[in-house]
Every structure is written in structure tokens, then in C-alpha cells.
>>> print(open('input-v2.tsv').read())   # TSV, C-alpha atoms and all ligand atoms
chain	number	residue	atom	x	y	z
Y	1	MET	CA	123.51	55.34	-119.85
Y	2	GLY	CA	121.62	52.89	-122.09
Y	3	VAL	CA	119.69	54.07	-125.14
Y	4	HIS	CA	116.50	52.18	-125.88
Y	5	ILE	CA	114.13	52.39	-128.85
Y	6	LEU	CA	110.80	52.56	-127.06
Y	7	SER	CA	108.45	52.50	-130.04
Y	8	THR	CA	108.02	52.98	-133.78
Y	9	GLY	CA	105.46	54.66	-136.05
Y	10	SER	CA	104.98	55.47	-139.72
Y	11	SER	CA	102.70	57.10	-142.27
Y	12	VAL	CA	102.34	57.23	-146.05
Y	13	PRO	CA	99.89	59.26	-148.17
Y	14	ASN	CA	96.69	57.44	-149.18
Y	15	PHE	CA	97.21	58.17	-152.86
Y	16	SER	CA	99.37	55.64	-154.70
Y	17	VAL	CA	100.52	55.15	-158.28
Y	18	GLU	CA	101.27	51.74	-159.81
Y	19	ASN	CA	103.97	51.21	-162.44
Y	20	HIS	CA	101.62	50.87	-165.38
Y	21	TYR	CA	100.52	54.49	-164.88
Y	22	PHE	CA	103.97	55.60	-166.08
Y	23	GLU	CA	103.54	53.75	-169.39
Y	24	ASP	CA	101.34	56.63	-170.66
Y	25	MET	CA	103.67	59.33	-169.27
Y	26	ILE	CA	107.16	58.24	-170.34
Y	27	GLU	CA	108.83	55.49	-172.36
Y	28	THR	CA	108.87	52.69	-169.80
Y	29	SER	CA	107.03	49.54	-168.75
Y	30	ASP	CA	105.83	47.87	-165.60
Y	31	HIS	CA	108.17	45.00	-166.55
Y	32	TRP	CA	111.26	47.27	-166.76
Y	33	ILE	CA	110.51	49.00	-163.46
Y	34	SER	CA	109.71	45.86	-161.49
Y	35	THR	CA	112.60	43.78	-162.83
Y	36	ARG	CA	115.24	46.56	-162.58
Y	37	THR	CA	114.13	47.99	-159.25
Y	38	GLY	CA	111.66	45.69	-157.47
Y	39	ILE	CA	109.19	48.60	-157.17
Y	40	LYS	CA	105.51	48.01	-158.04
Y	41	LYS	CA	103.91	51.16	-156.64
Y	42	ARG	CA	104.67	54.29	-154.63
Y	43	HIS	CA	102.58	56.60	-152.44
Y	44	LEU	CA	102.59	60.27	-153.45
Y	45	ALA	CA	101.52	63.21	-151.31
Y	46	PRO	CA	98.98	65.56	-152.92
Y	47	SER	CA	99.41	69.29	-152.30
Y	48	SER	CA	97.04	69.10	-149.31
Y	49	HIS	CA	99.38	66.64	-147.51
Y	50	SER	CA	102.57	68.37	-146.35
Y	51	LEU	CA	105.88	66.87	-145.24
Y	52	THR	CA	105.14	68.19	-141.76
Y	53	GLN	CA	101.75	66.44	-141.65
Y	54	LEU	CA	103.24	63.12	-142.77
Y	55	ALA	CA	105.98	63.45	-140.14
Y	56	ALA	CA	103.36	64.34	-137.50
Y	57	GLU	CA	101.23	61.27	-138.31
Y	58	ALA	CA	104.26	58.96	-138.00
Y	59	SER	CA	105.29	60.74	-134.78
Y	60	ASN	CA	101.84	60.47	-133.20
Y	61	ASN	CA	101.79	56.73	-133.98
Y	62	ALA	CA	105.18	56.27	-132.33
Y	63	LEU	CA	104.23	58.43	-129.31
Y	64	SER	CA	101.01	56.54	-128.65
Y	65	ALA	CA	102.81	53.19	-129.04
Y	66	ALA	CA	105.32	54.34	-126.37
Y	67	ASN	CA	102.51	55.81	-124.24
Y	68	ILE	CA	104.46	59.06	-124.05
Y	69	LYS	CA	102.79	62.47	-124.19
Y	70	PRO	CA	104.18	65.01	-126.70
Y	71	ALA	CA	104.91	67.34	-123.76
Y	72	ASP	CA	107.36	64.74	-122.38
Y	73	ILE	CA	109.57	64.86	-125.49
Y	74	ASP	CA	112.82	66.78	-124.88
Y	75	LEU	CA	114.18	66.81	-128.41
Y	76	ILE	CA	112.85	66.25	-131.94
Y	77	ILE	CA	115.29	65.40	-134.73
Y	78	LEU	CA	113.73	65.41	-138.18
Y	79	ALA	CA	115.81	63.84	-140.95
Y	80	THR	CA	114.60	65.21	-144.26
Y	81	SER	CA	115.92	66.61	-147.52
Y	82	THR	CA	112.53	67.93	-148.53
Y	83	PRO	CA	111.36	70.23	-145.71
Y	84	ASP	CA	108.28	72.40	-146.17
Y	85	ASP	CA	110.48	75.25	-144.94
Y	86	LEU	CA	114.13	75.57	-145.98
Y	87	PHE	CA	114.91	76.86	-142.46
Y	88	GLY	CA	113.82	73.41	-141.22
Y	89	SER	CA	110.50	71.67	-140.64
Y	90	ALA	CA	111.26	70.17	-137.23
Y	91	SER	CA	109.83	73.26	-135.52
Y	92	GLN	CA	106.66	72.99	-137.62
Y	93	LEU	CA	106.47	69.33	-136.54
Y	94	GLN	CA	106.96	70.36	-132.90
Y	95	ALA	CA	103.99	72.76	-133.17
Y	96	GLU	CA	101.85	70.22	-135.08
Y	97	ILE	CA	102.19	67.49	-132.42
Y	98	GLY	CA	102.26	69.88	-129.44
Y	99	ALA	CA	105.69	68.85	-128.13
Y	100	THR	CA	105.93	72.27	-126.54
Y	101	SER	CA	108.93	71.68	-124.28
Y	102	SER	CA	111.22	70.18	-126.90
Y	103	LEU	CA	114.12	71.55	-128.87
Y	104	ALA	CA	113.58	70.69	-132.55
Y	105	PHE	CA	115.98	70.69	-135.49
Y	106	ASP	CA	116.46	69.12	-138.92
Y	107	ILE	CA	119.24	66.88	-140.20
Y	108	THR	CA	119.92	66.68	-143.92
Y	109	ALA	CA	121.72	63.54	-145.03
Y	110	ALA	CA	119.37	62.29	-147.79
Y	111	CYS	CA	118.74	58.54	-147.65
Y	112	SER	CA	121.22	58.14	-144.76
Y	113	GLY	CA	119.37	60.82	-142.78
Y	114	PHE	CA	117.52	58.54	-140.38
Y	115	ILE	CA	120.73	56.66	-139.49
Y	116	VAL	CA	122.57	59.94	-138.80
Y	117	ALA	CA	119.59	61.26	-136.78
Y	118	LEU	CA	119.30	58.09	-134.67
Y	119	VAL	CA	123.03	58.13	-133.86
Y	120	THR	CA	122.76	61.85	-132.97
Y	121	ALA	CA	119.83	61.15	-130.65
Y	122	ALA	CA	121.77	58.34	-128.97
Y	123	GLN	CA	124.62	60.76	-128.15
Y	124	PHE	CA	122.23	63.14	-126.36
Y	125	VAL	CA	120.75	60.29	-124.30
Y	126	GLN	CA	124.15	58.76	-123.47
Y	127	THR	CA	125.50	62.06	-122.19
Y	128	GLY	CA	122.43	62.45	-119.98
Y	129	SER	CA	121.34	65.66	-121.75
Y	130	TYR	CA	117.88	64.45	-122.74
Y	131	ASP	CA	115.60	61.61	-121.62
Y	132	ASN	CA	113.05	61.23	-124.44
Y	133	ILE	CA	113.83	61.96	-128.08
Y	134	LEU	CA	111.60	61.70	-131.12
Y	135	VAL	CA	113.59	60.74	-134.24
Y	136	VAL	CA	111.76	61.10	-137.54
Y	137	GLY	CA	112.78	60.29	-141.12
Y	138	ALA	CA	110.40	61.89	-143.62
Y	139	ASP	CA	110.60	62.88	-147.27
Y	140	THR	CA	108.32	64.07	-150.04
Y	141	MET	CA	110.71	63.41	-152.92
Y	142	SER	CA	107.76	63.66	-155.33
Y	143	ARG	CA	107.92	67.46	-154.95
Y	144	TRP	CA	111.44	67.46	-156.45
Y	145	ILE	CA	111.20	65.02	-159.32
Y	146	ASN	CA	111.38	65.78	-163.01
Y	147	TRP	CA	108.40	63.67	-164.13
Y	148	SER	CA	109.79	63.41	-167.66
Y	149	ASP	CA	113.10	61.88	-166.47
Y	150	ARG	CA	112.40	58.16	-166.67
Y	151	SER	CA	115.62	57.22	-164.88
Y	152	THR	CA	114.50	58.87	-161.62
Y	153	CYS	CA	110.74	59.54	-161.64
Y	154	ILE	CA	109.79	55.87	-161.29
Y	155	LEU	CA	111.98	55.35	-158.21
Y	156	PHE	CA	110.70	57.63	-155.47
Y	157	GLY	CA	107.73	57.70	-153.12
Y	158	ASP	CA	106.69	59.80	-150.12
Y	159	GLY	CA	106.44	58.74	-146.50
Y	160	ALA	CA	107.54	59.15	-142.89
Y	161	GLY	CA	108.76	56.89	-140.11
Y	162	ALA	CA	109.51	57.67	-136.48
Y	163	VAL	CA	110.97	56.16	-133.34
Y	164	VAL	CA	110.90	57.30	-129.72
Y	165	VAL	CA	114.28	56.89	-128.06
Y	166	GLY	CA	114.70	56.99	-124.30
Y	167	LYS	CA	117.22	56.35	-121.53
Y	168	SER	CA	117.10	52.86	-120.14
Y	169	ALA	CA	119.09	50.17	-118.35
Y	170	LYS	CA	118.60	48.17	-121.59
Y	171	ASN	CA	120.83	49.33	-124.42
Y	172	SER	CA	119.48	49.05	-127.97
Y	173	ILE	CA	122.31	50.74	-129.85
Y	174	LEU	CA	125.39	48.52	-129.68
Y	175	GLY	CA	127.52	50.30	-132.28
Y	176	PHE	CA	127.55	52.47	-135.38
Y	177	LYS	CA	129.73	53.77	-138.19
Y	178	LEU	CA	128.89	56.77	-140.38
Y	179	CYS	CA	130.76	57.85	-143.53
Y	180	THR	CA	130.78	60.58	-146.19
Y	181	ASP	CA	132.63	60.93	-149.49
Y	182	GLY	CA	131.98	64.44	-150.79
Y	183	GLN	CA	134.09	63.78	-153.87
Y	184	LEU	CA	131.21	61.64	-155.16
Y	185	ASN	CA	128.65	64.39	-154.51
Y	186	SER	CA	127.87	65.01	-158.18
Y	187	HIS	CA	126.42	61.49	-158.60
Y	188	LEU	CA	123.24	62.41	-156.74
Y	189	GLN	CA	122.11	66.00	-156.33
Y	190	LEU	CA	119.23	68.38	-155.79
Y	191	MET	CA	121.12	71.56	-156.59
Y	192	ASN	CA	120.41	75.19	-155.92
Y	193	VAL	CA	120.68	76.91	-159.31
Y	194	PRO	CA	120.45	80.66	-159.92
Y	195	LEU	CA	117.22	81.57	-161.68
Y	196	GLU	CA	117.71	85.34	-161.82
Y	197	ALA	CA	120.23	87.71	-160.31
Y	198	GLN	CA	120.20	91.09	-158.65
Y	199	GLN	CA	122.89	93.38	-160.00
Y	200	PHE	CA	124.88	95.44	-157.46
Y	201	GLY	CA	127.24	97.43	-159.67
Y	202	VAL	CA	129.32	94.78	-161.45
Y	203	THR	CA	128.47	92.08	-158.89
Y	204	GLU	CA	125.59	89.66	-159.48
Y	205	ILE	CA	123.80	88.25	-156.44
Y	206	PRO	CA	121.95	85.12	-157.59
Y	207	GLN	CA	118.32	84.43	-156.71
Y	208	GLY	CA	118.08	80.82	-155.49
Y	209	HIS	CA	115.91	78.13	-157.03
Y	210	TYR	CA	116.16	74.35	-156.70
Y	211	ASN	CA	116.57	72.02	-159.64
Y	212	SER	CA	114.97	68.56	-159.81
Y	213	ILE	CA	116.87	65.52	-158.56
Y	214	THR	CA	119.70	64.35	-160.81
Y	215	MET	CA	121.30	60.93	-160.39
Y	216	ASN	CA	124.00	58.82	-162.00
Y	217	GLY	CA	122.19	55.56	-161.19
Y	218	LYS	CA	125.04	53.27	-162.26
Y	219	GLU	CA	127.59	55.03	-160.04
Y	220	VAL	CA	125.23	55.11	-157.03
Y	221	TYR	CA	124.53	51.43	-157.58
Y	222	LYS	CA	128.25	50.53	-157.64
Y	223	PHE	CA	128.93	52.72	-154.57
Y	224	ALA	CA	126.12	51.11	-152.55
Y	225	VAL	CA	127.05	47.54	-153.42
Y	226	PHE	CA	130.70	48.18	-152.49
Y	227	GLN	CA	130.44	50.47	-149.44
Y	228	VAL	CA	127.39	49.13	-147.58
Y	229	PRO	CA	128.66	45.54	-147.00
Y	230	SER	CA	132.01	46.96	-145.96
Y	231	VAL	CA	130.54	49.40	-143.38
Y	232	ILE	CA	128.25	46.66	-142.01
Y	233	LYS	CA	131.19	44.26	-141.58
Y	234	GLU	CA	133.31	46.94	-139.89
Y	235	CYS	CA	130.49	47.91	-137.56
Y	236	LEU	CA	129.79	44.30	-136.53
Y	237	ASN	CA	133.49	43.65	-136.08
Y	238	ASN	CA	133.78	46.65	-133.73
Y	239	VAL	CA	131.15	45.15	-131.41
Y	240	ASN	CA	132.35	41.53	-131.75
Y	241	ILE	CA	129.19	40.25	-133.38
Y	242	SER	CA	129.48	37.85	-136.31
Y	243	ILE	CA	127.37	38.24	-139.42
Y	244	ASP	CA	125.60	34.95	-138.64
Y	245	GLU	CA	124.43	36.31	-135.29
Y	246	VAL	CA	122.43	39.05	-137.04
Y	247	ASP	CA	118.72	38.19	-137.20
Y	248	TRP	CA	117.57	40.96	-139.56
Y	249	PHE	CA	119.02	43.55	-141.93
Y	250	ILE	CA	116.93	46.68	-142.53
Y	251	LEU	CA	118.65	48.65	-145.27
Y	252	HIS	CA	117.66	51.76	-147.19
Y	253	GLN	CA	115.02	50.60	-149.67
Y	254	ALA	CA	116.44	51.89	-152.98
Y	255	ASN	CA	116.46	48.88	-155.27
Y	256	THR	CA	115.89	45.13	-154.74
Y	257	ARG	CA	118.90	44.33	-156.93
Y	258	ILE	CA	121.12	46.45	-154.65
Y	259	LEU	CA	119.78	44.57	-151.61
Y	260	GLU	CA	120.37	41.20	-153.32
Y	261	ALA	CA	123.92	42.16	-154.28
Y	262	ILE	CA	124.65	43.30	-150.69
Y	263	ALA	CA	123.20	40.04	-149.30
Y	264	ASN	CA	125.49	38.11	-151.69
Y	265	ARG	CA	128.56	40.09	-150.62
Y	266	LEU	CA	127.72	39.49	-146.96
Y	267	SER	CA	127.01	35.79	-147.66
Y	268	ILE	CA	123.67	36.01	-145.90
Y	269	PRO	CA	120.33	34.56	-147.03
Y	270	PHE	CA	118.13	37.20	-148.71
Y	271	SER	CA	115.33	36.11	-146.34
Y	272	LYS	CA	117.15	38.07	-143.58
Y	273	MET	CA	116.68	41.32	-145.52
Y	274	ILE	CA	113.49	43.13	-144.59
Y	275	THR	CA	112.11	44.69	-147.76
Y	276	ASN	CA	109.00	46.70	-148.54
Y	277	LEU	CA	110.06	48.82	-151.51
Y	278	GLU	CA	107.66	46.90	-153.73
Y	279	HIS	CA	104.86	48.94	-152.09
Y	280	TYR	CA	106.57	52.28	-151.42
Y	281	GLY	CA	109.56	52.77	-153.76
Y	282	ASN	CA	112.49	54.77	-152.43
Y	283	THR	CA	111.16	57.05	-149.66
Y	284	SER	CA	114.63	58.46	-148.88
Y	285	ALA	CA	115.01	59.27	-145.15
Y	286	ALA	CA	111.69	57.54	-144.40
Y	287	SER	CA	112.59	54.17	-145.87
Y	288	ILE	CA	114.43	52.61	-142.89
Y	289	PRO	CA	112.02	53.73	-140.12
Y	290	LEU	CA	109.04	52.77	-142.32
Y	291	ALA	CA	110.42	49.24	-142.79
Y	292	LEU	CA	111.38	49.09	-139.11
Y	293	ASP	CA	107.85	50.07	-138.04
Y	294	GLU	CA	106.23	47.47	-140.30
Y	295	ALA	CA	108.59	44.77	-139.02
Y	296	ASN	CA	107.91	45.81	-135.43
Y	297	ARG	CA	104.13	45.99	-135.72
Y	298	SER	CA	103.93	42.62	-137.50
Y	299	ASP	CA	106.11	41.09	-134.72
Y	300	LYS	CA	108.66	40.01	-137.34
Y	301	ILE	CA	111.39	41.44	-135.14
Y	302	GLN	CA	111.47	40.18	-131.56
Y	303	PRO	CA	113.02	41.46	-128.32
Y	304	GLY	CA	116.64	40.39	-127.95
Y	305	GLN	CA	117.24	39.98	-131.68
Y	306	ILE	CA	120.22	41.60	-133.40
Y	307	ILE	CA	119.27	43.99	-136.20
Y	308	VAL	CA	121.52	45.90	-138.57
Y	309	LEU	CA	120.23	49.17	-140.01
Y	310	ALA	CA	122.14	50.66	-142.95
Y	311	GLY	CA	121.56	53.73	-145.08
Y	312	PHE	CA	123.22	55.12	-148.21
Y	313	GLY	CA	122.54	57.96	-150.55
Y	314	ALA	CA	123.28	61.51	-151.57
Y	315	GLY	CA	126.37	63.20	-150.19
Y	316	LEU	CA	127.44	60.57	-150.84
Y	317	THR	CA	126.80	59.33	-147.32
Y	318	TRP	CA	126.42	55.88	-145.83
Y	319	GLY	CA	126.39	54.23	-142.45
Y	320	ALA	CA	125.27	51.33	-140.29
Y	321	ILE	CA	123.91	50.82	-136.78
Y	322	VAL	CA	123.87	47.53	-134.85
Y	323	LEU	CA	120.77	47.23	-132.66
Y	324	LYS	CA	119.71	44.79	-129.97
Y	325	TRP	CA	115.90	44.92	-130.19
Y	401	LIG	N1	112.19	52.61	-168.21
Y	401	LIG	C1	112.78	52.04	-169.29
Y	401	LIG	N2	114.08	52.20	-169.57
Y	401	LIG	C2	114.80	52.96	-168.71
Y	401	LIG	C3	114.24	53.58	-167.59
Y	401	LIG	C4	112.89	53.38	-167.36
Y	401	LIG	N3	112.24	53.92	-166.32
Y	401	LIG	N4	115.22	54.25	-166.94
Y	401	LIG	C5	116.35	54.08	-167.63
Y	401	LIG	N5	116.09	53.29	-168.72
Y	401	LIG	C6	117.01	52.85	-169.75
Y	401	LIG	C7	118.25	53.71	-169.86
Y	401	LIG	O1	117.99	54.86	-170.65
Y	401	LIG	C8	119.21	52.77	-170.53
Y	401	LIG	O2	118.95	52.74	-171.90
Y	401	LIG	P1	120.16	52.72	-172.96
Y	401	LIG	O3	120.89	51.44	-172.66
Y	401	LIG	O4	119.46	52.76	-174.26
Y	401	LIG	O5	120.98	53.93	-172.63
Y	401	LIG	C9	118.83	51.41	-169.96
Y	401	LIG	O6	117.49	51.56	-169.43
Y	401	LIG	C10	119.72	50.94	-168.84
Y	401	LIG	O7	119.91	52.04	-167.95
Y	401	LIG	P2	120.76	51.88	-166.65
Y	401	LIG	O8	120.88	53.21	-165.97
Y	401	LIG	O9	121.99	51.11	-166.99
Y	401	LIG	O10	119.76	50.95	-165.79
Y	401	LIG	P3	120.12	50.17	-164.50
Y	401	LIG	O11	119.89	48.75	-164.75
Y	401	LIG	O12	121.42	50.62	-163.91
Y	401	LIG	O13	118.97	50.69	-163.52
Y	401	LIG	C11	118.61	52.27	-161.74
Y	401	LIG	C12	118.82	52.08	-163.24
Y	401	LIG	C13	117.35	51.53	-161.33
Y	401	LIG	C14	118.44	53.75	-161.44
Y	401	LIG	C15	119.82	51.70	-160.97
Y	401	LIG	O14	121.01	52.18	-161.54
Y	401	LIG	C16	119.80	52.04	-159.50
Y	401	LIG	O15	118.98	51.56	-158.77
Y	401	LIG	N6	120.76	52.86	-159.04
Y	401	LIG	C17	120.85	53.23	-157.66
Y	401	LIG	C18	119.85	54.28	-157.31
Y	401	LIG	C19	119.89	54.48	-155.80
Y	401	LIG	O16	120.26	53.61	-155.06
Y	401	LIG	N7	119.56	55.61	-155.30
Y	401	LIG	C20	119.64	55.70	-153.84
Y	401	LIG	C21	119.90	56.92	-153.36
Y	401	LIG	S1	118.58	58.04	-153.60
Y	401	LIG	C22	118.92	59.34	-152.50
Y	401	LIG	O17	119.88	59.35	-151.80
Y	401	LIG	C23	117.97	60.51	-152.51
>>> encode(input="input-v2.tsv", output="C-alpha cells")
Amino acid sequence: MGVHILSTGSSVPNFSVENHYFEDMIETSDHWISTRTGIKKRHLAPSSHSLTQLAAEASNNALSAANIKPADIDLIILATSTPDDLFGSASQLQAEIGATSSLAFDITAACSGFIVALVTAAQFVQTGSYDNILVVGADTMSRWINWSDRSTCILFGDGAGAVVVGKSAKNSILGFKLCTDGQLNSHLQLMNVPLEAQQFGVTEIPQGHYNSITMNGKEVYKFAVFQVPSVIKECLNNVNISIDEVDWFILHQANTRILEAIANRLSIPFSKMITNLEHYGNTSAASIPLALDEANRSDKIQPGQIIVLAGFGAGLTWGAIVLKW
């Protein structure tokens, strides 16, 4: 059974903050942020704009582009690390868009979340279990940032991206490879920390509370620049496609310098990297489907072209998918 990406959609909050705004908040400069990261602004969701609403806007865009009614969706997979509800926001998304006959669940794999979710969706289509699947990557990292930590607060933005995946004689997903190294987990975390505890005799039962994001930027940088080219090469090798045959690379939008270093290691021209982090910053699970949707709607990517998607982030997790568009 072939798996085809039928359509794409995306959404970001209207409100955006440019780099210079941070100059009054923390010790930083527009120059430092743009030269070290490539980011110029990011969109941030006010309290009235929930993760579920952002995900629903992206989903509705993708559904109308595919001309598929919400009721025809069999499964919704929402990749997010910042759900409105810790039990999962996919069911809230299901209700919001009226996809009443679908199963809905969340996947948490940080900035690799969309890649993991798309591969998961492909398995359900290939086995014949489901026909139409909505795959969404959405994050509101702004809710979990320590705004006085200059090493992280300038990096992240909020957004959502979605694709509709369906069974087809045409096969879009040629190959994939997904990886995790839990030993590196401490480099990038959003940890549950006990705030208070309930005493039962001598035993303390902690009351959960989440910390802000913590990141060892240098280690994550080194990890990404080493592991991402390697997983891309392995993935292409597995499907007998050479690096020169790839038309476009759509990687997790974390840092322009990371993308440049990966392009160097792959010996590809940087012009083959689709980038938009200048406008959005790092939108975590949303970054790849957001860039994919922009590239699709602007006709940058064309039917028949070979596209590599690759994600990396907390876990640490990373992975690549080879697509034929
Ligand atoms: N403004 C000014 N100076 C700053 C800022 C800032 N916003 N942030 C850090 N600095 C300072 C540091 O304090 C340090 O100063 P010091 O030398 O006096 O100690 C100096 O700048 C250099 O700091 P580095 O951490 O070495 O800066 P670097 O060039 O490595 O850039 C960055 C930091 C942008 C975070 C980079 O390491 C990076 O992009 N790492 C990868 C992040 C990433 O990819 N995350 C993806 C996953 S996110 C997810 O999965 C949810």
C-alpha cells in the first residue's frame, strides 16, 4: 500500500516579537541573536490562543487543501511537547475540528515529534488499518520558557503545521530512520520537579510541577551537526538515492549555523536547504511541517522531487525521512 501526502497546512499566532525587543528585557542584542542563530523574530501565542486552536487552524488548512471533510479522517496524531492537557491534546483537537469518527492521540518527541508522527501514520496506512490520517506538529514553547534565561528565551516561537496522509498507488515515503540516545537526555529538558509533597507516614508523595526549559546549547549543537548528516546519509543509502539526487532538505529549524554546518558535512549547496527560522525561530514539533507547508504553497517543491525531512531535539532524538513529492 502506498502512502501519499495529500496536502499541507500551517498556522502561527498573529502576535510577533522582533529581536530588539529583548534588548530591554535581558543582556543581549539583535546582532548577537541574528548572527548566532539566524532568528529575527518569533510568533508568540497570547493566553487567548491555545495549542489546540493553533493545531486546529493548521489542520483545517490542510483538510481544505486536500478537499477532505473532518468526518473522513480515521486517525489524528498530534506531535507536541506542550499540550494544553497533560493527558494529551489530540482529543481536544479532534473535537475542535469535528473529526468525530477518528481515533486521536499525542506523540511526544520534542523537535523530532513531527518526523516520528509521520512515520507512525505511514505504518497505519501501509498495514491497511486506516485510509486518511491527519498528522500535526504543534508547540507553544513560549509557555515553558524562563524569560530571564538569555540562552533559551530568544530561540523559541509558537506555531503548528499539518499534513493529511492517505493511501494511494503513489508512494511519498520512500524510507526513514529514527534514533534516540537517552544518555544525552540531560542536555535538553523540561523536567517535572516536586513543588510540594503529601506526607503518608514516613513516605513523601511529590506534587508535580514543570520547570522551564533547560538546554546545554553547545552539546545540542555538536550532537545535531554530527548525528543529522549521518542519519540522512544512512537513510538515503538504504533507498539507493544519492545525495545529489535530493532536490530539497527540510530540517528542523533550530539555528542557521547548524543548518550551514550540516550542509557542509553533506557537501550540498546551502540553497537546497529550505529555511524560514528567520521569521519564526525554533517552533519545535511545528518547524518541519510549517516549512513544508510554505514550500508547498509557494510551489518551491514540485511533484516528483526528492525531499529529505530531518528532525533533532530533546530526548535526545533524531531522524530522517526520504520523500518523493
Ligand atoms: N545574547 C547575548 N549573549 C548570549 C546570549 C544571548 N541571547 N545567550 C548566550 N550568550 C552568551 C553566553 O553567556 C556566552 O557568554 P560567555 O562566553 O561570557 O560565557 C556566549 O554568549 C557564548 O555562548 P554559547 O552558548 O557558546 O553560544 P553559541 O554560539 O553556542 O550559541 C546557541 C548558543 C544559539 C543556543 C547554540 O548553542 C545552539 O543553537 N545550540 C543548539 C540549540 C538547538 O538546536 N536546540 C534544538 C533543540 S530544541 C528542542 O528540542 C525543544
>>> closest_atom_pairs(input="input-v2.tsv", of="chain Y", to="ligand LIG 401 (chain Y)", cutoff="6 Å", atoms="only C-alpha atoms and all ligand atoms", output="Markdown table")
| residue | atom | partner | partner_atom | distance |
| --- | --- | --- | --- | --- |
| Y:Thr28 | CA | Y:LIG401 | N1 | 3.7 |
| Y:Trp32 | CA | Y:LIG401 | C1 | 5.6 |
| Y:Ile33 | CA | Y:LIG401 | N3 | 5.9 |
| Y:Arg36 | CA | Y:LIG401 | C13 | 5.5 |
| Y:Thr37 | CA | Y:LIG401 | C13 | 5.2 |
| Y:Ala110 | CA | Y:LIG401 | O17 | 5.0 |
| Y:Cys111 | CA | Y:LIG401 | O17 | 4.4 |
| Y:Arg150 | CA | Y:LIG401 | N3 | 4.3 |
| Y:Ser151 | CA | Y:LIG401 | N4 | 3.6 |
| Y:Ile154 | CA | Y:LIG401 | N3 | 5.9 |
| Y:Gly217 | CA | Y:LIG401 | O14 | 3.6 |
| Y:Lys218 | CA | Y:LIG401 | O14 | 4.2 |
| Y:Val220 | CA | Y:LIG401 | C17 | 4.8 |
| Y:Tyr221 | CA | Y:LIG401 | C17 | 4.1 |
| Y:Ala254 | CA | Y:LIG401 | O16 | 4.7 |
| Y:Asn255 | CA | Y:LIG401 | O15 | 5.1 |
| Y:Ser284 | CA | Y:LIG401 | C23 | 5.3 |
| Y:Gly313 | CA | Y:LIG401 | O17 | 3.3 |
| Y:Ala314 | CA | Y:LIG401 | O17 | 4.0 |
>>> closest_residue(input="input-v2.tsv", among="Y:Phe114, Y:Phe200, Y:Trp144, Y:Phe312", to="Ile232 in chain Y", atoms="all atoms listed in the file")
Y:Phe312
>>> closest_residue(input="input-v2.tsv", among="Y:Leu103, Y:Ala71, Y:Leu259, Y:Val3", to="Ser168 in chain Y", atoms="only C-alpha atoms")
Y:Val3
>>> closest_residue(input="input-v2.tsv", among="Y:His209, Y:Lys324, Y:Lys177, Y:Lys41", to="Val119 in chain Y", atoms="all atoms listed in the file")
Y:Lys177
>>> closest_residue(input="input-v2.tsv", among="Y:Ala104, Y:Met25, Y:Ile133, Y:Met141", to="Ser50 in chain Y", atoms="only C-alpha atoms")
Y:Met141
>>> closest_atom_pairs(input="input-v2.tsv", of="range 37-126 of chain Y", to="range 11-16 of chain Y", cutoff="8 Å", atoms="only C-alpha atoms", output="Markdown table")
| residue | atom | partner | partner_atom | distance |
| --- | --- | --- | --- | --- |
| Y:Lys41 | CA | Y:Ser16 | CA | 6.7 |
| Y:Arg42 | CA | Y:Ser16 | CA | 5.5 |
| Y:His43 | CA | Y:Ser16 | CA | 4.0 |
| Y:Leu44 | CA | Y:Ser16 | CA | 5.8 |
| Y:Ala45 | CA | Y:Pro13 | CA | 5.3 |
| Y:Pro46 | CA | Y:Phe15 | CA | 7.6 |
| Y:His49 | CA | Y:Pro13 | CA | 7.4 |
| Y:Leu54 | CA | Y:Ser11 | CA | 6.1 |
| Y:Ala55 | CA | Y:Ser11 | CA | 7.5 |
| Y:Glu57 | CA | Y:Ser11 | CA | 5.9 |
| Y:Ala58 | CA | Y:Ser11 | CA | 4.9 |
>>> write_last_selection(input="input-v2.tsv", atoms="C-alpha atoms", output="compact mmCIF listing (two decimals), in the frame of the given file")
# COMPACT_ATOMS: atom_id res chain seq x y z
CA LYS Y 41 103.91 51.16 -156.64
CA ARG Y 42 104.67 54.29 -154.63
CA HIS Y 43 102.58 56.60 -152.44
CA LEU Y 44 102.59 60.27 -153.45
CA ALA Y 45 101.52 63.21 -151.31
CA PRO Y 46 98.98 65.56 -152.92
CA HIS Y 49 99.38 66.64 -147.51
CA LEU Y 54 103.24 63.12 -142.77
CA ALA Y 55 105.98 63.45 -140.14
CA GLU Y 57 101.23 61.27 -138.31
CA ALA Y 58 104.26 58.96 -138.00
>>> closest_residue(input="input-v2.tsv", among="Y:Gly9, Y:Gly319, Y:Gly88, Y:Gly98", to="Glu234 in chain Y", atoms="only C-alpha atoms")
Y:Gly319
>>> residues_around(input="input-v2.tsv", residues="Asn171 in chain Y", least_positions_apart="3", cutoff="9 Å", atoms="all atoms listed in the file", output="list in words")
Met1, Gly2, Val3, His4, Ile5, Lys167, Ser168, Leu174, Leu323, Lys324 and Trp325 of chain Y
>>> closest_residue(input="input-v2.tsv", among="Y:Trp248, Y:Phe226, Y:Phe270, Y:Tyr280", to="Thr140 in chain Y", atoms="only C-alpha atoms")
Y:Tyr280
>>> decode(input="input-v2.tsv", residues="range 174-182 of chain Y", atoms="N, CA, C and O atoms", output="CSV table (one decimal), in the first residue's frame")
chain,number,residue,atom,x,y,z
Y,174,LEU,N,9.6,7.1,1.0
Y,174,LEU,CA,10.5,6.1,0.4
Y,174,LEU,C,11.3,5.3,1.5
Y,174,LEU,O,11.6,4.2,1.3
Y,175,GLY,N,11.6,6.0,2.6
Y,175,GLY,CA,12.4,5.4,3.6
Y,175,GLY,C,12.5,6.3,4.8
Y,175,GLY,O,12.2,7.5,4.7
Y,176,PHE,N,12.9,5.8,5.9
Y,176,PHE,CA,13.1,6.6,7.2
Y,176,PHE,C,14.1,5.9,8.1
Y,176,PHE,O,14.3,4.7,8.0
Y,177,LYS,N,14.6,6.7,9.0
Y,177,LYS,CA,15.4,6.1,10.1
Y,177,LYS,C,15.2,7.0,11.3
Y,177,LYS,O,15.3,8.3,11.2
Y,178,LEU,N,14.8,6.5,12.5
Y,178,LEU,CA,14.6,7.2,13.7
Y,178,LEU,C,15.5,6.7,14.8
Y,178,LEU,O,15.8,5.5,14.9
Y,179,CYS,N,16.0,7.7,15.6
Y,179,CYS,CA,17.0,7.3,16.6
Y,179,CYS,C,16.8,8.0,17.9
Y,179,CYS,O,16.2,9.1,17.9
Y,180,THR,N,17.2,7.4,19.0
Y,180,THR,CA,17.2,8.0,20.4
Y,180,THR,C,18.4,7.7,21.1
Y,180,THR,O,18.9,6.6,21.0
Y,181,ASP,N,19.0,8.7,21.9
Y,181,ASP,CA,20.1,8.4,22.8
Y,181,ASP,C,19.7,9.0,24.1
Y,181,ASP,O,19.9,10.2,24.4
Y,182,GLY,N,19.1,8.2,25.0
Y,182,GLY,CA,18.6,8.7,26.3
Y,182,GLY,C,19.7,9.1,27.2
Y,182,GLY,O,19.5,9.8,28.2
